[in-house]
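Q: Below is the structure I would like to discuss, written out as structure tokens.
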Amino acid sequence: MKTIQVNASRNYDIVIDAGLLEKTGEYCSPFCPNKRAAIITDDTVAPLYLSTVENSLNSTGIETIHYIIPSGEASKSGENFLAILNFLAEHQMTRTDTVIALGGGVVGDLTGFVAASYLRGIGFIQIPTTLLAMVDSSVGGKTAIDLTAGKNLAGAFYQPQLVLCDYLTLNTLSKEVFADGCAEVIKYAVLNSPSLFNHLEQNLLDFDREMVIAECVSMKRDIVNRDEFESGPRKFLNLGHTVGHAIEHRSAFTLSHGKAVSIGLSIIATCSENAGFCNSETVKSINRILKSFNLPITTDYALDELVDIMLSDKKRDGKKLTFVVPESVGKCVLHAINIADIKTFLNPWFK
Ligand SMILES: NC(=O)c1ccc[n+]([C@@H]2O[C@H](COP(=O)([O-])OP(=O)(O)OC[C@H]3O[C@@H](n4cnc5c(N)ncnc54)[C@H](O)[C@@H]3O)[C@@H](O)[C@H]2O)c1
Ligand SMILES: [Zn+2]
């Protein structure tokens, strides 16, 4: 078991262990003073894990209600947001009651925004059940729903009171969803940890889940502690994402986030070498590890169309776009590029 402490606008623990779901009641009790909790989950996760979580909460005297959304990104909607708020109000949930997100990043982001909004803030616990949610979306307090104009356009910074990562739940993930999480794990390794990179290279999909999740969570925690509201260091987490988001967008979201990030990571590594930030060994190592996790590293989309999408990104700062570029495996720097020079910077990969 590993416990990571986060010191943000709210201090809380992220607990990582096998079999935590059965101890949900024990862990959540201190955060459920009123002994009532609403569990929000999706229709893939519910048949697998909802009864274990409810039974454990009920056995410690916590009364539960639950709300099940259809699985998939389309559920991170304004309609579901309002429907869940109304559900909480109909059940007369109060400020001393708790909302628990049981599921992947979709459930976590939506539930977090509900928790931030209901009565202007209610107790909130995350039980992530995908690798991506464990290492990324459940850490850092960003919550969101999608709008017609784009993903994550409405939301709030709202930290949970507790995060429980039971990595046994990863055993039921599809290969595709697991690989998506692996792309984020590889991102952390390239960003900050040669030793994590070596461990992944040596063990591939049999990596030590507890250690790897704890390493990634600690890295994100360190960055969030320094920059909760995303004014500086948190930008590093965008490694592979600036190009990756454009690819994901261009595919009309038919390509998964993890695959798009993998391609984005490979492209940025090549362009980084060309601009003199890293050597060819770094590029080869990054490409090799992505391929060995069955992640893609190429795209047929044209540079022009991807750059147009990048320029419409909400994270753009005025006349520049900041890329995170590797200098070596485990060390990256921020590279702000004038809009007029972006095509020249990215062209080496596309030509
Ligand atoms: N808040 C943040 O900081 C942050 C960071 C990264 C990503 N995100 C968001 O996270 C979302 C993606 O998260 P995700 O990849 O977890 O997607 P997801 O929640 O859609 O889960 C992927 C699929 O796996 C299923 N699933 C979940 N747990 C399972 C389990 N244990 N066994 C079997 N199936 C399971 C889900 O039902 C779904 O079909 C996106 O909406 C993205 O915007 C947020
Ligand atoms: Zn990501």
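Here, A, B, ... name the chains of the structure tokens in the order displayed, residue numbers run from 1 inside each chain, and ligands are numbered from 1 in the same displayed order.
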Within 6 Å of ligand 1, which residues of chain A come that close, and what is the closest atom pair and distance in Å for each? Count only C-alpha atoms and all ligand atoms and give it as CSV.
A:
```
residue,atom,partner,partner_atom_place_in_ligand_line,distance
A:Asp42,CA,ligand 1,37 (O),5.8
A:Thr44,CA,ligand 1,37 (O),4.5
A:Val45,CA,ligand 1,29 (C),5.4
A:Ser71,CA,ligand 1,37 (O),4.4
A:Gly72,CA,ligand 1,20 (O),4.4
A:Glu73,CA,ligand 1,20 (O),5.4
A:Gly103,CA,ligand 1,28 (N),5.0
A:Gly104,CA,ligand 1,19 (O),3.2
A:Gly105,CA,ligand 1,13 (O),3.2
A:Val106,CA,ligand 1,19 (O),3.8
A:Val107,CA,ligand 1,19 (O),5.6
A:Asp109,CA,ligand 1,1 (N),5.5
A:Thr129,CA,ligand 1,28 (N),4.3
A:Thr130,CA,ligand 1,28 (N),4.6
A:Leu132,CA,ligand 1,16 (O),5.2
A:Ala133,CA,ligand 1,16 (O),4.8
A:Asp136,CA,ligand 1,5 (C),5.0
A:Ser137,CA,ligand 1,4 (C),3.5
A:Lys142,CA,ligand 1,1 (N),4.3
A:Thr143,CA,ligand 1,1 (N),5.1
A:Thr169,CA,ligand 1,31 (N),4.3
A:Leu170,CA,ligand 1,31 (N),5.0
A:Thr172,CA,ligand 1,32 (N),4.1
A:Leu173,CA,ligand 1,33 (C),3.9
A:Val177,CA,ligand 1,22 (C),5.8
```
Q: Neighbours of ligand 2 at 7 Å or closer, counting only C-alpha atoms and all ligand atoms: which residues, as a list in words?
A: Glu184, His241, His257, Gly258 and Val261 of chain A
Q: Which residues of region 9-110 of chain A sit at most 10 Å from region 155-162 of chain A, using only C-alpha atoms? Give each one's shortest atom pair and distance in Å (one decimal place), in chain and ascending residue order, as JSON lines.
A:
```
{"residue": "A:Ser9", "atom": "CA", "partner": "A:Gln159", "partner_atom": "CA", "distance": 7.4}
{"residue": "A:Arg10", "atom": "CA", "partner": "A:Gln159", "partner_atom": "CA", "distance": 6.3}
{"residue": "A:Asn11", "atom": "CA", "partner": "A:Gln161", "partner_atom": "CA", "distance": 7.4}
{"residue": "A:Tyr12", "atom": "CA", "partner": "A:Gln161", "partner_atom": "CA", "distance": 5.4}
{"residue": "A:Asp13", "atom": "CA", "partner": "A:Leu162", "partner_atom": "CA", "distance": 5.4}
{"residue": "A:Ile14", "atom": "CA", "partner": "A:Leu162", "partner_atom": "CA", "distance": 6.1}
{"residue": "A:Val15", "atom": "CA", "partner": "A:Leu162", "partner_atom": "CA", "distance": 7.9}
{"residue": "A:Tyr27", "atom": "CA", "partner": "A:Leu162", "partner_atom": "CA", "distance": 8.5}
{"residue": "A:Cys28", "atom": "CA", "partner": "A:Leu162", "partner_atom": "CA", "distance": 7.8}
{"residue": "A:Pro30", "atom": "CA", "partner": "A:Gln161", "partner_atom": "CA", "distance": 9.9}
{"residue": "A:Phe31", "atom": "CA", "partner": "A:Gln161", "partner_atom": "CA", "distance": 7.2}
{"residue": "A:Thr98", "atom": "CA", "partner": "A:Gln161", "partner_atom": "CA", "distance": 9.7}
{"residue": "A:Val99", "atom": "CA", "partner": "A:Pro160", "partner_atom": "CA", "distance": 9.7}
{"residue": "A:Ile100", "atom": "CA", "partner": "A:Pro160", "partner_atom": "CA", "distance": 9.4}
{"residue": "A:Ala101", "atom": "CA", "partner": "A:Pro160", "partner_atom": "CA", "distance": 9.9}
{"residue": "A:Asp109", "atom": "CA", "partner": "A:Gly155", "partner_atom": "CA", "distance": 8.4}
{"residue": "A:Leu110", "atom": "CA", "partner": "A:Gly155", "partner_atom": "CA", "distance": 8.6}
```
Q: Can you spit out the residues from that selection as a PDB file, in the first residue's frame, using C-alpha atoms?
A:
```pdb
ATOM      1  CA  SER A   9      -6.264  24.329  -1.423  1.00  0.00           C
ATOM      2  CA  ARG A  10      -7.463  21.218   0.390  1.00  0.00           C
ATOM      3  CA  ASN A  11      -5.092  18.603   1.835  1.00  0.00           C
ATOM      4  CA  TYR A  12      -5.963  14.996   1.093  1.00  0.00           C
ATOM      5  CA  ASP A  13      -4.609  11.486   0.676  1.00  0.00           C
ATOM      6  CA  ILE A  14      -4.408   9.346  -2.430  1.00  0.00           C
ATOM      7  CA  VAL A  15      -4.338   5.716  -1.298  1.00  0.00           C
ATOM      8  CA  TYR A  27     -11.719   4.806   4.383  1.00  0.00           C
ATOM      9  CA  CYS A  28     -14.717   7.025   3.651  1.00  0.00           C
ATOM     10  CA  PRO A  30     -14.232  10.088   8.397  1.00  0.00           C
ATOM     11  CA  PHE A  31     -15.468  12.063   5.378  1.00  0.00           C
ATOM     12  CA  THR A  98     -20.774  13.145   0.247  1.00  0.00           C
ATOM     13  CA  VAL A  99     -20.627  12.437  -3.466  1.00  0.00           C
ATOM     14  CA  ILE A 100     -18.429   9.528  -4.603  1.00  0.00           C
ATOM     15  CA  ALA A 101     -17.178   9.168  -8.193  1.00  0.00           C
ATOM     16  CA  ASP A 109     -14.738  14.936 -14.131  1.00  0.00           C
ATOM     17  CA  LEU A 110     -18.547  15.105 -14.234  1.00  0.00           C
TER      18      LEU A 110
END
```
Q: Using only C-alpha atoms for the distances, tell me which of A:Met93, A:Ala246, A:Ala74, A:Val329 is nearest to Asp146 (chain A).
A: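 Nearest to Asp146 (chain A): A:Ala74.
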Q: Find the residues around Gly264 (chain A) up to 10 Å (only C-alpha atoms counted), leave out those fewer than 3 positions away in its own chain, and share them as a PyMOL selection string.
A: chain A and resi 239-248+258-261+267-269+296-299
Q: Emit the selected residues as a compact mmCIF listing (two decimals), in the first residue's frame, including N, CA and C atoms.
A:
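Final output, selection-v9.txt:
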```txt
# COMPACT_ATOMS: atom_id res chain seq x y z
N LEU A 239 3.06 17.61 -22.11
CA LEU A 239 3.99 16.91 -23.00
C LEU A 239 3.21 15.95 -23.91
N GLY A 240 3.43 16.07 -25.21
CA GLY A 240 2.75 15.21 -26.18
C GLY A 240 1.32 15.62 -26.46
N HIS A 241 0.79 16.55 -25.65
CA HIS A 241 -0.64 16.89 -25.73
C HIS A 241 -0.95 18.01 -26.72
N THR A 242 0.00 18.91 -26.98
CA THR A 242 -0.32 20.04 -27.86
C THR A 242 -0.61 19.50 -29.27
N VAL A 243 0.31 18.66 -29.75
CA VAL A 243 0.07 18.02 -31.05
C VAL A 243 -1.00 16.93 -30.89
N GLY A 244 -0.94 16.19 -29.78
CA GLY A 244 -1.89 15.09 -29.55
C GLY A 244 -3.34 15.55 -29.58
N HIS A 245 -3.63 16.66 -28.90
CA HIS A 245 -5.00 17.18 -28.89
C HIS A 245 -5.47 17.52 -30.30
N ALA A 246 -4.55 18.09 -31.11
CA ALA A 246 -4.93 18.46 -32.48
C ALA A 246 -5.27 17.20 -33.29
N ILE A 247 -4.50 16.14 -33.07
CA ILE A 247 -4.75 14.88 -33.79
C ILE A 247 -6.09 14.27 -33.34
N GLU A 248 -6.30 14.30 -32.02
CA GLU A 248 -7.55 13.76 -31.46
C GLU A 248 -8.75 14.52 -32.04
N GLY A 258 -5.28 8.57 -25.56
CA GLY A 258 -3.96 8.00 -25.32
C GLY A 258 -3.19 7.78 -26.61
N LYS A 259 -3.88 7.27 -27.62
CA LYS A 259 -3.21 7.05 -28.91
C LYS A 259 -2.77 8.39 -29.50
N ALA A 260 -3.62 9.39 -29.41
CA ALA A 260 -3.27 10.70 -29.95
C ALA A 260 -2.07 11.29 -29.21
N VAL A 261 -2.03 11.10 -27.89
CA VAL A 261 -0.90 11.61 -27.10
C VAL A 261 0.38 10.87 -27.48
N ILE A 267 6.02 12.79 -32.30
CA ILE A 267 6.26 13.93 -33.20
C ILE A 267 7.12 15.00 -32.50
N ILE A 268 6.77 15.29 -31.26
CA ILE A 268 7.49 16.37 -30.57
C ILE A 268 8.95 15.94 -30.32
N ALA A 269 9.17 14.64 -30.12
CA ALA A 269 10.54 14.17 -29.90
C ALA A 269 11.38 14.41 -31.15
N PRO A 296 0.42 3.85 -31.22
CA PRO A 296 0.82 4.33 -32.55
C PRO A 296 1.78 5.51 -32.48
N ILE A 297 2.60 5.68 -33.51
CA ILE A 297 3.51 6.84 -33.54
C ILE A 297 3.44 7.60 -34.87
N THR A 298 2.47 7.26 -35.71
CA THR A 298 2.37 7.98 -36.98
C THR A 298 0.94 8.44 -37.25
N THR A 299 0.81 9.43 -38.11
CA THR A 299 -0.51 9.92 -38.52
C THR A 299 -0.46 10.32 -39.99
```
Q: Just the strand (DSSP E or B) stuff from region 43-77 of chain A, please, per backbone DSSP, written as a PyMOL selection string.
A: chain A and resi 63-69
Q: Need to verify the contact set: Leu200 (chain A), 8 Å, only C-alpha atoms, exclusion of same-chain residues closer than 4 positions in sequence. Can you return it as a PyMOL selection string?
A: chain A and resi 186+196+204-205+207+289
Q: Grab the residues selected above and save them as a PDB file, in the first residue's frame with N, CA and C atoms.
A:
```pdb
ATOM      1  N   ILE A 186       3.808   6.718 -19.744  1.00  0.00           N
ATOM      2  CA  ILE A 186       5.057   6.941 -20.504  1.00  0.00           C
ATOM      3  C   ILE A 186       5.360   8.444 -20.545  1.00  0.00           C
ATOM      4  N   LEU A 196      11.682   5.265 -13.945  1.00  0.00           N
ATOM      5  CA  LEU A 196      10.355   4.764 -14.324  1.00  0.00           C
ATOM      6  C   LEU A 196      10.385   4.283 -15.774  1.00  0.00           C
ATOM      7  N   LEU A 204       7.331  -3.983 -19.524  1.00  0.00           N
ATOM      8  CA  LEU A 204       6.207  -3.744 -20.437  1.00  0.00           C
ATOM      9  C   LEU A 204       4.874  -3.807 -19.674  1.00  0.00           C
ATOM     10  N   LEU A 205       3.887  -4.534 -20.210  1.00  0.00           N
ATOM     11  CA  LEU A 205       2.558  -4.474 -19.575  1.00  0.00           C
ATOM     12  C   LEU A 205       2.510  -5.116 -18.183  1.00  0.00           C
ATOM     13  N   PHE A 207       4.259  -4.216 -15.739  1.00  0.00           N
ATOM     14  CA  PHE A 207       4.897  -3.291 -14.799  1.00  0.00           C
ATOM     15  C   PHE A 207       4.247  -3.380 -13.403  1.00  0.00           C
ATOM     16  N   ILE A 289       9.642   2.669 -26.882  1.00  0.00           N
ATOM     17  CA  ILE A 289       8.759   2.309 -25.763  1.00  0.00           C
ATOM     18  C   ILE A 289       7.288   2.448 -26.164  1.00  0.00           C
TER      19      ILE A 289
END
```
Q: Counting only C-alpha atoms, which of A:Ile337, A:Val53, A:Val324, A:Ile4 gets nearest to Glu26 (chain A)?
A: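 Result for the nearest residue to Glu26 (chain A): A:Val53.
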Q: Residues near region 21-23 of chain A, anyone? I mean within 8 Å using only C-alpha atoms, not counting same-chain ones fewer than 6 positions away, as a list in words.
A: Tyr49, Thr52, Val53, Ser56, Leu164 and Asp166 of chain A
Q: Take the residues that were just selected and, keeping N, CA and C atoms, output them as an mmCIF file, in the first residue's frame.
A:
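That gives us out21.cif:
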```cif
data_model
loop_
_atom_site.group_PDB
_atom_site.id
_atom_site.type_symbol
_atom_site.label_atom_id
_atom_site.label_comp_id
_atom_site.auth_asym_id
_atom_site.auth_seq_id
_atom_site.Cartn_x
_atom_site.Cartn_y
_atom_site.Cartn_z
ATOM 1 N N TYR A 49 -18.479 -3.241 -10.046
ATOM 2 C CA TYR A 49 -17.952 -2.792 -8.745
ATOM 3 C C TYR A 49 -18.919 -2.063 -7.825
ATOM 4 N N THR A 52 -19.928 -3.932 -4.490
ATOM 5 C CA THR A 52 -18.827 -4.042 -3.506
ATOM 6 C C THR A 52 -18.684 -2.734 -2.735
ATOM 7 N N VAL A 53 -18.732 -1.628 -3.476
ATOM 8 C CA VAL A 53 -18.562 -0.317 -2.835
ATOM 9 C C VAL A 53 -19.758 -0.009 -1.929
ATOM 10 N N SER A 56 -19.730 -2.201 1.254
ATOM 11 C CA SER A 56 -18.725 -1.777 2.216
ATOM 12 C C SER A 56 -19.174 -0.501 2.946
ATOM 13 N N LEU A 164 -9.197 6.911 -3.710
ATOM 14 C CA LEU A 164 -8.870 5.502 -3.474
ATOM 15 C C LEU A 164 -8.595 4.817 -4.807
ATOM 16 N N ASP A 166 -7.824 1.442 -6.293
ATOM 17 C CA ASP A 166 -7.730 -0.019 -6.162
ATOM 18 C C ASP A 166 -7.308 -0.564 -7.522
#
```
Q: What's the 12 Å shell around Leu119 (chain A), counting only C-alpha atoms, without same-chain residues fewer than 4 positions away, as a list in words?
A: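 Answer for this query is Leu85, Asn86, Leu88, Ala89, Gln92, Met93, Thr94, Arg95, Thr96, Asp97, Thr98, Phe113, Val114, Ala115 and Gly123 of chain A.
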Q: Go ahead and compute the interatomic distance for CA of Ser280 (chain A) and CA of Cys332 (chain A), in Å to one decimal.
A: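 Pair CA of Ser280 (chain A) / CA of Cys332 (chain A) returns 15.1 Å.
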Q: Between A:Glu305, A:Asn347, A:Leu168, A:Lys187, which is the closest to Lys331 (chain A) once you count only C-alpha atoms?
A: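 Between A:Glu305, A:Asn347, A:Leu168, A:Lys187, the residue approaching Lys331 (chain A) most closely is A:Lys187.
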Q: Residues near Lys351 (chain A), anyone? I mean within 10 Å using only C-alpha atoms, not counting same-chain ones fewer than 5 positions away, as a PDB file with N, CA and C atoms, in the first residue's frame.
A:
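File around_13.pdb, as written:
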```pdb
ATOM      1  N   ALA A 302      -2.364  16.132 -42.252  1.00  0.00           N
ATOM      2  CA  ALA A 302      -1.393  17.092 -42.768  1.00  0.00           C
ATOM      3  C   ALA A 302      -1.038  18.133 -41.709  1.00  0.00           C
ATOM      4  N   LEU A 303       0.192  18.614 -41.784  1.00  0.00           N
ATOM      5  CA  LEU A 303       0.665  19.617 -40.819  1.00  0.00           C
ATOM      6  C   LEU A 303      -0.258  20.846 -40.773  1.00  0.00           C
ATOM      7  N   LEU A 346       7.545  22.226 -36.578  1.00  0.00           N
ATOM      8  CA  LEU A 346       6.962  20.882 -36.671  1.00  0.00           C
ATOM      9  C   LEU A 346       7.250  20.191 -38.008  1.00  0.00           C
TER      10      LEU A 346
END
```
Q: Taking the DSSP secondary structure from the backbone, can you list the residues of region 185-331 of chain A that are helix (DSSP H, G or I), as a PyMOL selection string?
A: chain A and resi 185-192+194-206+209-226+233-238+241-250+257-274+280-292+303-311
Q: CA of Ser285 (chain A) and CA of Thr344 (chain A), how far apart in Å?
A: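 Answer for the CA of Thr344 (chain A) to CA of Ser285 (chain A) separation: 24.1 Å.
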Q: From the set A:Ala183, A:Pro128, A:Gly78, A:Asp208, which residue has the shortest atom-to-atom contact distance to Ala144 (chain A), counting only C-alpha atoms?
A: A:Gly78
